[in-house]
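Here is protein33.cif, consisting of mmCIF, C-alpha atoms and all ligand atoms:
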data_protein
#
loop_
_atom_site.group_PDB
_atom_site.id
_atom_site.type_symbol
_atom_site.label_atom_id
_atom_site.label_comp_id
_atom_site.auth_asym_id
_atom_site.auth_seq_id
_atom_site.Cartn_x
_atom_site.Cartn_y
_atom_site.Cartn_z
ATOM 1 C CA MET A 28 55.245 30.855 14.723
ATOM 2 C CA ASN A 29 55.659 27.254 13.580
ATOM 3 C CA GLU A 30 53.513 24.886 11.517
ATOM 4 C CA GLU A 31 50.967 24.485 14.323
ATOM 5 C CA ASN A 32 50.332 28.136 14.918
ATOM 6 C CA ALA A 33 50.588 29.386 11.362
ATOM 7 C CA TYR A 34 48.190 32.165 10.424
ATOM 8 C CA GLN A 35 45.367 30.470 8.552
ATOM 9 C CA GLN A 36 42.339 31.578 6.618
ATOM 10 C CA GLU A 37 39.969 30.033 4.134
ATOM 11 C CA PHE A 38 38.335 31.782 1.156
ATOM 12 C CA GLN A 39 35.440 30.583 -0.999
ATOM 13 C CA VAL A 40 35.238 31.223 -4.741
ATOM 14 C CA LYS A 41 32.161 30.646 -6.883
ATOM 15 C CA GLY A 42 32.468 29.418 -10.456
ATOM 16 C CA GLY A 43 31.196 31.871 -13.069
ATOM 17 C CA ASP A 44 31.168 34.823 -10.676
ATOM 18 C CA PHE A 45 33.112 37.252 -12.876
ATOM 19 C CA THR A 46 31.987 40.415 -11.085
ATOM 20 C CA ARG A 47 33.747 39.381 -7.887
ATOM 21 C CA ALA A 48 36.801 38.027 -9.689
ATOM 22 C CA GLY A 49 39.973 39.013 -7.888
ATOM 23 C CA GLU A 50 38.338 40.025 -4.623
ATOM 24 C CA VAL A 51 39.676 37.027 -2.744
ATOM 25 C CA SER A 52 43.181 37.575 -4.100
ATOM 26 C CA CYS A 53 43.090 41.274 -3.192
ATOM 27 C CA GLU A 54 42.058 40.269 0.331
ATOM 28 C CA ILE A 55 44.925 37.794 0.506
ATOM 29 C CA LYS A 56 47.342 40.437 -0.745
ATOM 30 C CA ASN A 57 46.230 42.927 1.916
ATOM 31 C CA LEU A 58 46.510 40.297 4.613
ATOM 32 C CA LEU A 59 50.052 39.365 3.600
ATOM 33 C CA LYS A 60 51.019 43.037 3.593
ATOM 34 C CA GLU A 61 49.524 43.500 7.054
ATOM 35 C CA LEU A 62 51.399 40.440 8.271
ATOM 36 C CA GLY A 63 54.576 42.240 7.255
ATOM 37 C CA LEU A 64 55.829 39.998 4.459
ATOM 38 C CA SER A 65 58.262 41.491 1.965
ATOM 39 C CA ALA A 66 56.939 43.175 -1.182
ATOM 40 C CA PRO A 67 58.300 40.544 -3.633
ATOM 41 C CA ILE A 68 56.677 37.595 -1.833
ATOM 42 C CA VAL A 69 53.418 39.511 -1.416
ATOM 43 C CA ARG A 70 53.318 40.218 -5.148
ATOM 44 C CA ARG A 71 54.214 36.670 -6.192
ATOM 45 C CA ALA A 72 51.575 35.180 -3.908
ATOM 46 C CA ALA A 73 48.953 37.723 -4.999
ATOM 47 C CA ILE A 74 49.531 37.047 -8.691
ATOM 48 C CA ALA A 75 49.521 33.273 -8.304
ATOM 49 C CA ALA A 76 46.387 33.433 -6.130
ATOM 50 C CA TYR A 77 44.651 35.573 -8.753
ATOM 51 C CA GLU A 78 45.530 33.179 -11.590
ATOM 52 C CA ALA A 79 44.158 30.301 -9.507
ATOM 53 C CA GLU A 80 41.055 32.262 -8.504
ATOM 54 C CA MET A 81 40.383 33.172 -12.157
ATOM 55 C CA ASN A 82 40.700 29.538 -13.194
ATOM 56 C CA ILE A 83 38.057 28.535 -10.646
ATOM 57 C CA ILE A 84 35.780 31.302 -11.899
ATOM 58 C CA MET A 85 36.365 30.454 -15.556
ATOM 59 C CA TYR A 86 36.340 26.664 -15.467
ATOM 60 C CA ALA A 87 35.074 25.208 -12.192
ATOM 61 C CA TRP A 88 31.807 25.260 -10.264
ATOM 62 C CA GLN A 89 33.007 25.939 -6.780
ATOM 63 C CA GLY A 90 36.347 26.236 -5.089
ATOM 64 C CA ARG A 91 38.335 27.469 -2.148
ATOM 65 C CA LEU A 92 41.733 28.905 -1.334
ATOM 66 C CA ASP A 93 43.351 27.915 1.948
ATOM 67 C CA LEU A 94 45.999 30.359 3.030
ATOM 68 C CA SER A 95 48.591 29.527 5.653
ATOM 69 C CA VAL A 96 51.395 31.878 6.621
ATOM 70 C CA THR A 97 54.455 31.445 8.803
ATOM 71 C CA PRO A 98 57.306 33.974 9.020
ATOM 72 C CA ASP A 99 59.346 32.139 6.420
ATOM 73 C CA ARG A 100 56.742 30.941 3.943
ATOM 74 C CA VAL A 101 53.295 31.396 2.457
ATOM 75 C CA ARG A 102 51.276 28.399 1.371
ATOM 76 C CA ILE A 103 48.078 28.496 -0.642
ATOM 77 C CA VAL A 104 46.136 25.333 -1.380
ATOM 78 C CA VAL A 105 43.483 25.737 -4.032
ATOM 79 C CA GLU A 106 40.837 23.101 -4.464
ATOM 80 C CA ASP A 107 37.870 23.100 -6.801
ATOM 81 C CA LYS A 108 34.921 21.000 -7.765
ATOM 82 C CA GLY A 109 34.801 21.145 -11.531
ATOM 83 C CA PRO A 110 35.490 19.400 -14.804
ATOM 84 C CA GLY A 111 39.147 18.782 -13.980
ATOM 85 C CA ILE A 112 41.967 18.847 -16.523
ATOM 86 C CA GLN A 113 42.379 16.010 -19.018
ATOM 87 C CA ASP A 114 46.035 16.622 -19.847
ATOM 88 C CA VAL A 115 47.776 18.525 -17.056
ATOM 89 C CA GLU A 116 51.088 18.720 -18.880
ATOM 90 C CA LEU A 117 49.428 20.319 -21.877
ATOM 91 C CA ALA A 118 47.533 22.765 -19.650
ATOM 92 C CA LEU A 119 50.840 23.783 -18.084
ATOM 93 C CA SER A 120 52.342 24.779 -21.423
ATOM 94 C CA GLU A 121 52.340 28.464 -22.368
ATOM 95 C CA GLY A 122 49.554 29.438 -24.711
ATOM 96 C CA TYR A 123 47.290 26.434 -24.185
ATOM 97 C CA SER A 124 43.785 27.626 -23.387
ATOM 98 C CA THR A 125 40.204 26.483 -23.725
ATOM 99 C CA ALA A 126 38.848 29.911 -22.724
ATOM 100 C CA THR A 127 35.695 31.056 -24.529
ATOM 101 C CA PRO A 128 35.577 34.202 -26.699
ATOM 102 C CA GLU A 129 33.652 35.924 -23.858
ATOM 103 C CA MET A 130 36.491 35.228 -21.427
ATOM 104 C CA ARG A 131 39.026 36.535 -23.943
ATOM 105 C CA GLU A 132 37.043 39.735 -24.272
ATOM 106 C CA LEU A 133 37.451 40.258 -20.532
ATOM 107 C CA GLY A 134 41.224 40.126 -20.985
ATOM 108 C CA PHE A 135 41.878 36.508 -20.076
ATOM 109 C CA GLY A 136 42.513 33.263 -21.891
ATOM 110 C CA ALA A 137 46.094 33.691 -23.048
ATOM 111 C CA GLY A 138 46.988 30.308 -21.629
ATOM 112 C CA MET A 139 49.489 31.954 -19.311
ATOM 113 C CA GLY A 140 47.853 31.310 -15.932
ATOM 114 C CA LEU A 141 49.305 27.957 -14.924
ATOM 115 C CA PRO A 142 52.773 28.745 -16.365
ATOM 116 C CA ASN A 143 52.661 32.027 -14.459
ATOM 117 C CA ILE A 144 51.767 30.221 -11.226
ATOM 118 C CA LYS A 145 54.735 27.946 -11.783
ATOM 119 C CA LYS A 146 57.009 30.948 -12.381
ATOM 120 C CA ASN A 147 55.894 32.737 -9.219
ATOM 121 C CA THR A 148 56.051 29.810 -6.797
ATOM 122 C CA ASP A 149 59.006 28.117 -5.141
ATOM 123 C CA ASP A 150 57.093 24.866 -5.076
ATOM 124 C CA PHE A 151 54.040 24.033 -7.167
ATOM 125 C CA ARG A 152 52.021 20.849 -7.347
ATOM 126 C CA ILE A 153 48.908 20.184 -9.348
ATOM 127 C CA VAL A 154 46.656 17.166 -9.392
ATOM 128 C CA SER A 155 43.446 16.945 -11.325
ATOM 129 C CA GLU A 156 40.753 14.365 -11.756
ATOM 130 C CA VAL A 157 38.468 14.616 -14.779
ATOM 131 C CA GLY A 158 34.865 15.094 -13.746
ATOM 132 C CA ARG A 159 35.755 15.883 -10.130
ATOM 133 C CA GLY A 160 38.122 18.801 -9.795
ATOM 134 C CA THR A 161 41.591 20.220 -9.470
ATOM 135 C CA ARG A 162 43.958 20.831 -6.566
ATOM 136 C CA LEU A 163 46.943 23.185 -6.571
ATOM 137 C CA GLU A 164 49.530 23.503 -3.829
ATOM 138 C CA MET A 165 51.596 26.654 -4.029
ATOM 139 C CA THR A 166 54.479 27.538 -1.718
ATOM 140 C CA PHE A 167 56.329 30.837 -1.592
ATOM 141 C CA LEU A 168 59.513 31.138 0.435
ATOM 142 C CA GLY A 169 60.159 34.399 2.241
ATOM 143 C CA ASN A 170 63.788 34.658 1.266
ATOM 144 C CA GLY A 171 63.238 33.639 -2.341
ATOM 145 C CA HIS A 172 64.061 36.231 -4.951
ATOM 146 C CA LYS A 173 62.301 34.791 -7.925
ATOM 147 C CA PRO A 174 61.113 37.345 -10.491
ATOM 148 C CA MET B 8 62.633 60.023 -15.836
ATOM 149 C CA LEU B 9 59.065 61.025 -16.668
ATOM 150 C CA THR B 10 56.487 61.863 -14.054
ATOM 151 C CA LEU B 11 52.862 60.868 -14.402
ATOM 152 C CA ARG B 12 52.025 64.515 -15.053
ATOM 153 C CA GLU B 13 54.474 64.612 -17.974
ATOM 154 C CA ILE B 14 52.961 61.441 -19.418
ATOM 155 C CA LYS B 15 49.480 62.912 -19.112
ATOM 156 C CA ASN B 16 50.630 66.037 -20.939
ATOM 157 C CA LEU B 17 52.404 64.067 -23.686
ATOM 158 C CA LEU B 18 49.122 62.299 -24.380
ATOM 159 C CA SER B 19 46.919 65.396 -23.972
ATOM 160 C CA GLY B 20 45.218 63.164 -21.461
ATOM 161 C CA GLU B 21 42.471 63.844 -18.994
ATOM 162 C CA LEU B 22 42.888 62.816 -15.382
ATOM 163 C CA LEU B 23 39.684 61.037 -14.355
ATOM 164 C CA THR B 24 40.741 60.879 -10.707
ATOM 165 C CA PRO B 25 41.328 64.614 -10.158
ATOM 166 C CA GLU B 26 42.409 64.606 -6.536
ATOM 167 C CA MET B 27 45.397 62.324 -7.079
ATOM 168 C CA ASN B 28 49.104 63.008 -7.023
ATOM 169 C CA LEU B 29 50.770 63.174 -10.453
ATOM 170 C CA GLU B 30 54.319 63.923 -9.388
ATOM 171 C CA MET B 31 55.355 60.292 -8.982
ATOM 172 C CA GLU B 32 58.072 59.079 -11.334
ATOM 173 C CA CYS B 33 57.218 56.403 -13.866
ATOM 174 C CA PRO B 34 60.181 54.164 -14.512
ATOM 175 C CA ARG B 35 58.312 51.575 -16.600
ATOM 176 C CA VAL B 36 55.399 51.422 -19.004
ATOM 177 C CA PHE B 37 53.526 48.296 -20.077
ATOM 178 C CA ALA B 38 50.925 48.258 -22.842
ATOM 179 C CA SER B 39 48.434 45.419 -23.278
ATOM 180 C CA ASP B 40 44.776 44.520 -23.526
ATOM 181 C CA LEU B 41 45.523 41.073 -22.183
ATOM 182 C CA MET B 42 45.409 40.927 -18.414
ATOM 183 C CA SER B 43 47.025 37.485 -18.599
ATOM 184 C CA ASP B 44 50.112 39.145 -20.096
ATOM 185 C CA VAL B 45 50.071 41.959 -17.540
ATOM 186 C CA LEU B 46 50.140 39.348 -14.772
ATOM 187 C CA ALA B 47 52.866 37.337 -16.460
ATOM 188 C CA PHE B 48 55.234 39.951 -17.871
ATOM 189 C CA MET B 49 54.774 43.424 -16.370
ATOM 190 C CA ASP B 50 57.348 44.815 -13.934
ATOM 191 C CA PRO B 51 55.878 46.018 -10.633
ATOM 192 C CA GLY B 52 55.388 49.766 -10.450
ATOM 193 C CA SER B 53 54.658 50.127 -14.180
ATOM 194 C CA ILE B 54 52.109 52.384 -15.815
ATOM 195 C CA LEU B 55 49.561 50.262 -17.662
ATOM 196 C CA VAL B 56 48.413 51.492 -21.075
ATOM 197 C CA THR B 57 45.321 49.606 -22.204
ATOM 198 C CA GLY B 58 42.192 49.732 -24.330
ATOM 199 C CA LEU B 59 40.326 47.371 -22.042
ATOM 200 C CA VAL B 60 37.927 49.050 -19.624
ATOM 201 C CA ASN B 61 36.398 46.754 -17.043
ATOM 202 C CA THR B 62 36.762 45.877 -13.363
ATOM 203 C CA HIS B 63 39.288 43.167 -14.211
ATOM 204 C CA VAL B 64 41.747 45.838 -15.293
ATOM 205 C CA ILE B 65 41.510 47.502 -11.879
ATOM 206 C CA ARG B 66 41.755 44.171 -10.019
ATOM 207 C CA THR B 67 44.740 43.185 -12.122
ATOM 208 C CA ALA B 68 46.331 46.586 -11.497
ATOM 209 C CA ARG B 69 45.870 46.227 -7.740
ATOM 210 C CA LEU B 70 47.287 42.722 -7.684
ATOM 211 C CA ALA B 71 50.243 43.327 -9.990
ATOM 212 C CA ASP B 72 51.288 46.700 -8.472
ATOM 213 C CA VAL B 73 50.375 49.021 -11.339
ATOM 214 C CA THR B 74 51.159 52.677 -10.524
ATOM 215 C CA ALA B 75 48.578 54.269 -12.818
ATOM 216 C CA ILE B 76 46.356 53.318 -15.764
ATOM 217 C CA VAL B 77 46.122 55.086 -19.127
ATOM 218 C CA PHE B 78 43.008 54.237 -21.146
ATOM 219 C CA VAL B 79 43.539 54.838 -24.873
ATOM 220 C CA GLN B 80 41.148 55.587 -27.728
ATOM 221 C CA GLY B 81 39.122 57.948 -25.563
ATOM 222 C CA LYS B 82 37.777 55.103 -23.474
ATOM 223 C CA ARG B 83 36.237 55.816 -20.122
ATOM 224 C CA PRO B 84 35.413 53.243 -17.520
ATOM 225 C CA ASP B 85 31.936 53.232 -15.968
ATOM 226 C CA ALA B 86 31.201 54.588 -12.488
ATOM 227 C CA MET B 87 31.670 51.256 -10.755
ATOM 228 C CA VAL B 88 35.135 50.820 -12.185
ATOM 229 C CA MET B 89 36.049 54.420 -11.357
ATOM 230 C CA ASN B 90 34.874 54.004 -7.758
ATOM 231 C CA GLU B 91 37.145 51.051 -7.274
ATOM 232 C CA ALA B 92 40.093 52.983 -8.740
ATOM 233 C CA LYS B 93 39.453 55.936 -6.423
ATOM 234 C CA LEU B 94 38.995 53.706 -3.410
ATOM 235 C CA HIS B 95 42.413 52.208 -4.016
ATOM 236 C CA ASN B 96 44.180 55.407 -4.936
ATOM 237 C CA LEU B 97 44.884 54.379 -8.507
ATOM 238 C CA PRO B 98 45.292 57.354 -10.859
ATOM 239 C CA ILE B 99 43.343 56.967 -14.118
ATOM 240 C CA ILE B 100 44.131 58.933 -17.277
ATOM 241 C CA SER B 101 42.058 58.859 -20.452
ATOM 242 C CA THR B 102 43.563 59.863 -23.804
ATOM 243 C CA SER B 103 42.093 60.058 -27.291
ATOM 244 C CA CYS B 104 45.365 58.672 -28.693
ATOM 245 C CA SER B 105 45.320 55.184 -30.167
ATOM 246 C CA MET B 106 47.356 52.510 -28.407
ATOM 247 C CA PHE B 107 50.100 52.889 -31.016
ATOM 248 C CA GLU B 108 50.160 56.674 -30.834
ATOM 249 C CA ALA B 109 50.167 56.701 -27.029
ATOM 250 C CA CYS B 110 53.025 54.209 -26.883
ATOM 251 C CA SER B 111 55.104 55.992 -29.475
ATOM 252 C CA ARG B 112 54.662 59.378 -27.803
ATOM 253 C CA ILE B 113 55.718 57.945 -24.467
ATOM 254 C CA SER B 114 58.602 55.887 -25.816
ATOM 255 C CA ARG B 115 60.047 58.867 -27.703
ATOM 256 C CA SER B 116 60.524 60.500 -24.313
ATOM 257 C CA PHE B 117 62.049 57.453 -22.694
ATOM 258 C CA PRO B 118 65.782 56.987 -23.227
ATOM 259 C CA ASP B 119 65.393 53.199 -23.155
ATOM 260 C CA GLY B 120 61.857 52.968 -24.478
ATOM 261 C CA GLY B 121 60.473 52.254 -21.017
ATOM 262 C CA ARG B 122 61.320 48.578 -20.988
HETATM 263 N N1 LIG A 201 40.701 24.770 -12.255
HETATM 264 C C1 LIG A 201 40.574 24.310 -13.502
HETATM 265 N N2 LIG A 201 39.584 23.448 -13.849
HETATM 266 C C2 LIG A 201 39.463 22.984 -15.109
HETATM 267 N N3 LIG A 201 40.285 23.329 -16.122
HETATM 268 C C3 LIG A 201 41.286 24.178 -15.841
HETATM 269 C C4 LIG A 201 41.492 24.717 -14.538
HETATM 270 N N4 LIG A 201 42.570 25.527 -14.571
HETATM 271 C C5 LIG A 201 43.023 25.489 -15.825
HETATM 272 N N5 LIG A 201 42.266 24.680 -16.618
HETATM 273 C C6 LIG A 201 42.491 24.349 -18.032
HETATM 274 O O1 LIG A 201 43.850 24.613 -18.359
HETATM 275 C C7 LIG A 201 43.931 25.602 -19.384
HETATM 276 C C8 LIG A 201 45.132 26.487 -19.151
HETATM 277 O O2 LIG A 201 44.963 27.255 -17.959
HETATM 278 P P1 LIG A 201 45.760 28.624 -17.788
HETATM 279 O O3 LIG A 201 45.341 29.250 -16.510
HETATM 280 O O4 LIG A 201 47.216 28.358 -17.984
HETATM 281 O O5 LIG A 201 45.303 29.501 -19.039
HETATM 282 P P2 LIG A 201 43.881 30.200 -19.293
HETATM 283 O O6 LIG A 201 43.087 30.237 -18.027
HETATM 284 O O7 LIG A 201 43.239 29.521 -20.441
HETATM 285 O O8 LIG A 201 44.310 31.682 -19.721
HETATM 286 P P3 LIG A 201 44.919 32.807 -18.741
HETATM 287 O O9 LIG A 201 45.199 32.159 -17.422
HETATM 288 O O10 LIG A 201 46.155 33.295 -19.420
HETATM 289 O O11 LIG A 201 43.867 33.847 -18.630
HETATM 290 C C9 LIG A 201 42.606 26.321 -19.335
HETATM 291 O O12 LIG A 201 42.261 26.940 -20.560
HETATM 292 C C10 LIG A 201 41.644 25.201 -18.977
HETATM 293 O O13 LIG A 201 41.347 24.420 -20.103
HETATM 294 MG MG MG A 202 43.972 30.954 -16.240
#

Conversion result in structure tokens:
Amino acid sequence: MNEENAYQQEFQVKGGDFTRAGEVSCEIKNLLKELGLSAPIVRRAAIAAYEAEMNIIMYAWQGRLDLSVTPDRVRIVVEDKGPGIQDVELALSEGYSTATPEMRELGFGAGMGLPNIKKNTDDFRIVSEVGRGTRLEMTFLGNGHKP
Amino acid sequence: MLTLREIKNLLSGELLTPEMNLEMECPRVFASDLMSDVLAFMDPGSILVTGLVNTHVIRTARLADVTAIVFVQGKRPDAMVMNEAKLHNLPIISTSCSMFEACSRISRSFPDGGR
């Protein structure tokens, strides 16, 4: 496989849809397992995908995850239509969160999502435009041994 | 090393997924009500001890490679949550111990405290 014939799939995520939260990421995890990727990369990609999926559900209106897999890397591009992030650097710092009390009751809102995405990826880019939305590009290398 | 059965017994716990194997060894235990922290800090293969009972706990467990879940304070998830756990072969134990009591009982039996 090379860039042209990478395995590709697109997943839709609806803002506010807490009951289905995590379904897309579980599907991605199963797919990566079936494709034969190693356990560490499967776990890192699954966790990062889930953090990104949760952020769409918690903060945005509509979003999608685009998965692309080649033997040596997994790439997930996450794009949402939503309020965007005013101060991306601040949002990337551990503990910063604008989650509501309801979201905290569900077990989220520790302000660890974006830092955790950064930790689990080999390459991570984020761009956000206030009033329009947010785009994340996450790359996971097959031979990487990040925690 | 403790098996899941030994942990269940230490906690006088009830297995809510009766048909599942309890002989697996449990090298790590992680206790939290914050799924954000589970995703960020838990080692794969850990037992998750939590007081939070909702579908997000099961989803988080599936994504972060949790071996089994212990619900403290006598909490029991509803049928929908249980169905998802069964479907994905995730053993669920319920104990009347508090979070603190459950953790201290387990850690007393772990040479290194489980972390
Ligand atoms: N897709 C997004 N659209 C708009 N705002 C976002 C988005 N993702 C993150 N944010 C903002 O950045 C903050 C930090 O996000 P992060 O994922 O790190 O933590 P959190 O979602 O608040 O809590 P946790 O992820 O630990 O459950 C959020 O509280 C929110 O204000
Ligand atoms: Mg988040």

**Message:** For ligand LIG 201 (chain A), return the neighbouring residues as JSON, numbers by chain (distance at most 7 Å; all atoms listed in the file).
**Reply:** {"A": [78, 82, 83, 86, 87, 107, 109, 110, 111, 112, 118, 119, 121, 123, 124, 125, 126, 135, 136, 137, 138, 139, 140, 141, 142, 160, 161], "B": [43]}

I need the residues from that last selection saved to file as a PDB file, in the coordinates of the input (with C-alpha atoms), if you can.
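Saved file result.pdb follows:
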ATOM      1  CA  GLU A  78      45.530  33.179 -11.590  1.00  0.00           C
ATOM      2  CA  ASN A  82      40.700  29.538 -13.194  1.00  0.00           C
ATOM      3  CA  ILE A  83      38.057  28.535 -10.646  1.00  0.00           C
ATOM      4  CA  TYR A  86      36.340  26.664 -15.467  1.00  0.00           C
ATOM      5  CA  ALA A  87      35.074  25.208 -12.192  1.00  0.00           C
ATOM      6  CA  ASP A 107      37.870  23.100  -6.801  1.00  0.00           C
ATOM      7  CA  GLY A 109      34.801  21.145 -11.531  1.00  0.00           C
ATOM      8  CA  PRO A 110      35.490  19.400 -14.804  1.00  0.00           C
ATOM      9  CA  GLY A 111      39.147  18.782 -13.980  1.00  0.00           C
ATOM     10  CA  ILE A 112      41.967  18.847 -16.523  1.00  0.00           C
ATOM     11  CA  ALA A 118      47.533  22.765 -19.650  1.00  0.00           C
ATOM     12  CA  LEU A 119      50.840  23.783 -18.084  1.00  0.00           C
ATOM     13  CA  GLU A 121      52.340  28.464 -22.368  1.00  0.00           C
ATOM     14  CA  TYR A 123      47.290  26.434 -24.185  1.00  0.00           C
ATOM     15  CA  SER A 124      43.785  27.626 -23.387  1.00  0.00           C
ATOM     16  CA  THR A 125      40.204  26.483 -23.725  1.00  0.00           C
ATOM     17  CA  ALA A 126      38.848  29.911 -22.724  1.00  0.00           C
ATOM     18  CA  PHE A 135      41.878  36.508 -20.076  1.00  0.00           C
ATOM     19  CA  GLY A 136      42.513  33.263 -21.891  1.00  0.00           C
ATOM     20  CA  ALA A 137      46.094  33.691 -23.048  1.00  0.00           C
ATOM     21  CA  GLY A 138      46.988  30.308 -21.629  1.00  0.00           C
ATOM     22  CA  MET A 139      49.489  31.954 -19.311  1.00  0.00           C
ATOM     23  CA  GLY A 140      47.853  31.310 -15.932  1.00  0.00           C
ATOM     24  CA  LEU A 141      49.305  27.957 -14.924  1.00  0.00           C
ATOM     25  CA  PRO A 142      52.773  28.745 -16.365  1.00  0.00           C
ATOM     26  CA  GLY A 160      38.122  18.801  -9.795  1.00  0.00           C
ATOM     27  CA  THR A 161      41.591  20.220  -9.470  1.00  0.00           C
TER      28      THR A 161
ATOM     29  CA  SER B  43      47.025  37.485 -18.599  1.00  0.00           C
TER      30      SER B  43
END

**Message:** Should the cut-off be 7 Å, what would the residue list for chain B against chain A look like, counting only C-alpha atoms, as a PyMOL selection string?
**Reply:** chain B and resi 40-43+46-47+66+70-71

**Message:** Taking 6 positions as the minimum chain separation for residues in the same chain, which residues sit within 8 Å of B:Val88 when counting only C-alpha atoms? Answer as JSON, numbers by chain.
**Reply:** {"B": [61, 62, 65]}

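Considering the residues A:Glu37, A:Asp44, A:Glu106, A:Glu80 and counting all atoms listed in the file, ligand MG 202 (chain A) has its shortest atom-to-atom contact with A:Glu80.
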
**Asked** What does the PyMOL selection byres (((chain B and resi 108) around 12) and not hetatm) select in this file, as number ranges by chain?
**Response** B: 17-19, 38, 56, 79-80, 102-107, 109-115

**Asked** So which one's closest to ligand MG 202 (chain A), B:Asp44, B:Thr24, B:Phe37, B:Asn16? Using only C-alpha atoms and all ligand atoms, please.
**Response**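 That would be B:Asp44, the residue with the smallest distance to ligand MG 202 (chain A).
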
**Asked** Contacts of stretch 89-94 of chain A at 6 Å or less, counting only C-alpha atoms, minus same-chain residues fewer than 2 places along, as JSON, numbers by chain?
**Response** {"A": [35, 36, 37, 38, 39, 40, 41, 42, 87, 102, 103, 104, 105, 106, 107, 108]}

Suppose we keep C-alpha atoms; can you now write the selection as a PDB file, in the frame of the given file?
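After the write, result-v8.pdb holds the following:
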ATOM      1  CA  GLN A  35      45.367  30.470   8.552  1.00  0.00           C
ATOM      2  CA  GLN A  36      42.339  31.578   6.618  1.00  0.00           C
ATOM      3  CA  GLU A  37      39.969  30.033   4.134  1.00  0.00           C
ATOM      4  CA  PHE A  38      38.335  31.782   1.156  1.00  0.00           C
ATOM      5  CA  GLN A  39      35.440  30.583  -0.999  1.00  0.00           C
ATOM      6  CA  VAL A  40      35.238  31.223  -4.741  1.00  0.00           C
ATOM      7  CA  LYS A  41      32.161  30.646  -6.883  1.00  0.00           C
ATOM      8  CA  GLY A  42      32.468  29.418 -10.456  1.00  0.00           C
ATOM      9  CA  ALA A  87      35.074  25.208 -12.192  1.00  0.00           C
ATOM     10  CA  ARG A 102      51.276  28.399   1.371  1.00  0.00           C
ATOM     11  CA  ILE A 103      48.078  28.496  -0.642  1.00  0.00           C
ATOM     12  CA  VAL A 104      46.136  25.333  -1.380  1.00  0.00           C
ATOM     13  CA  VAL A 105      43.483  25.737  -4.032  1.00  0.00           C
ATOM     14  CA  GLU A 106      40.837  23.101  -4.464  1.00  0.00           C
ATOM     15  CA  ASP A 107      37.870  23.100  -6.801  1.00  0.00           C
ATOM     16  CA  LYS A 108      34.921  21.000  -7.765  1.00  0.00           C
TER      17      LYS A 108
END

**Item:** Length of the atom CA of B:Val73 to atom CA of B:Leu22 vector [Å]
**Value:** 16.2 Å

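Once the PyMOL selection byres (((chain B and resi 11) around 10) and not hetatm) is applied to the depicted file, the selected set reads Met8, Leu9, Thr10, Arg12, Glu13, Ile14, Lys15, Asn16, Leu17, Asn28, Leu29, Glu30, Met31, Glu32, Cys33, Pro34, Ile54, Thr74, Ala75, Pro98 and Ile100 of chain B.
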
**Message:** So the first atom is atom CA of B:Ser53 and the second is atom CA of A:Thr166; what is the distance between them in Å, to one decimal place?
**Reply:**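 Answer for the atom CA of B:Ser53 to atom CA of A:Thr166 separation: 25.8 Å.
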
**Message:** If we draw a sphere of 9 Å around (55.0, 24.2, -3.3), which residues have at least one atom in it when counting all atoms listed in the file? Please report them as a ChimeraX atom specification.
**Reply:** /A:102-103,148-152,163-167
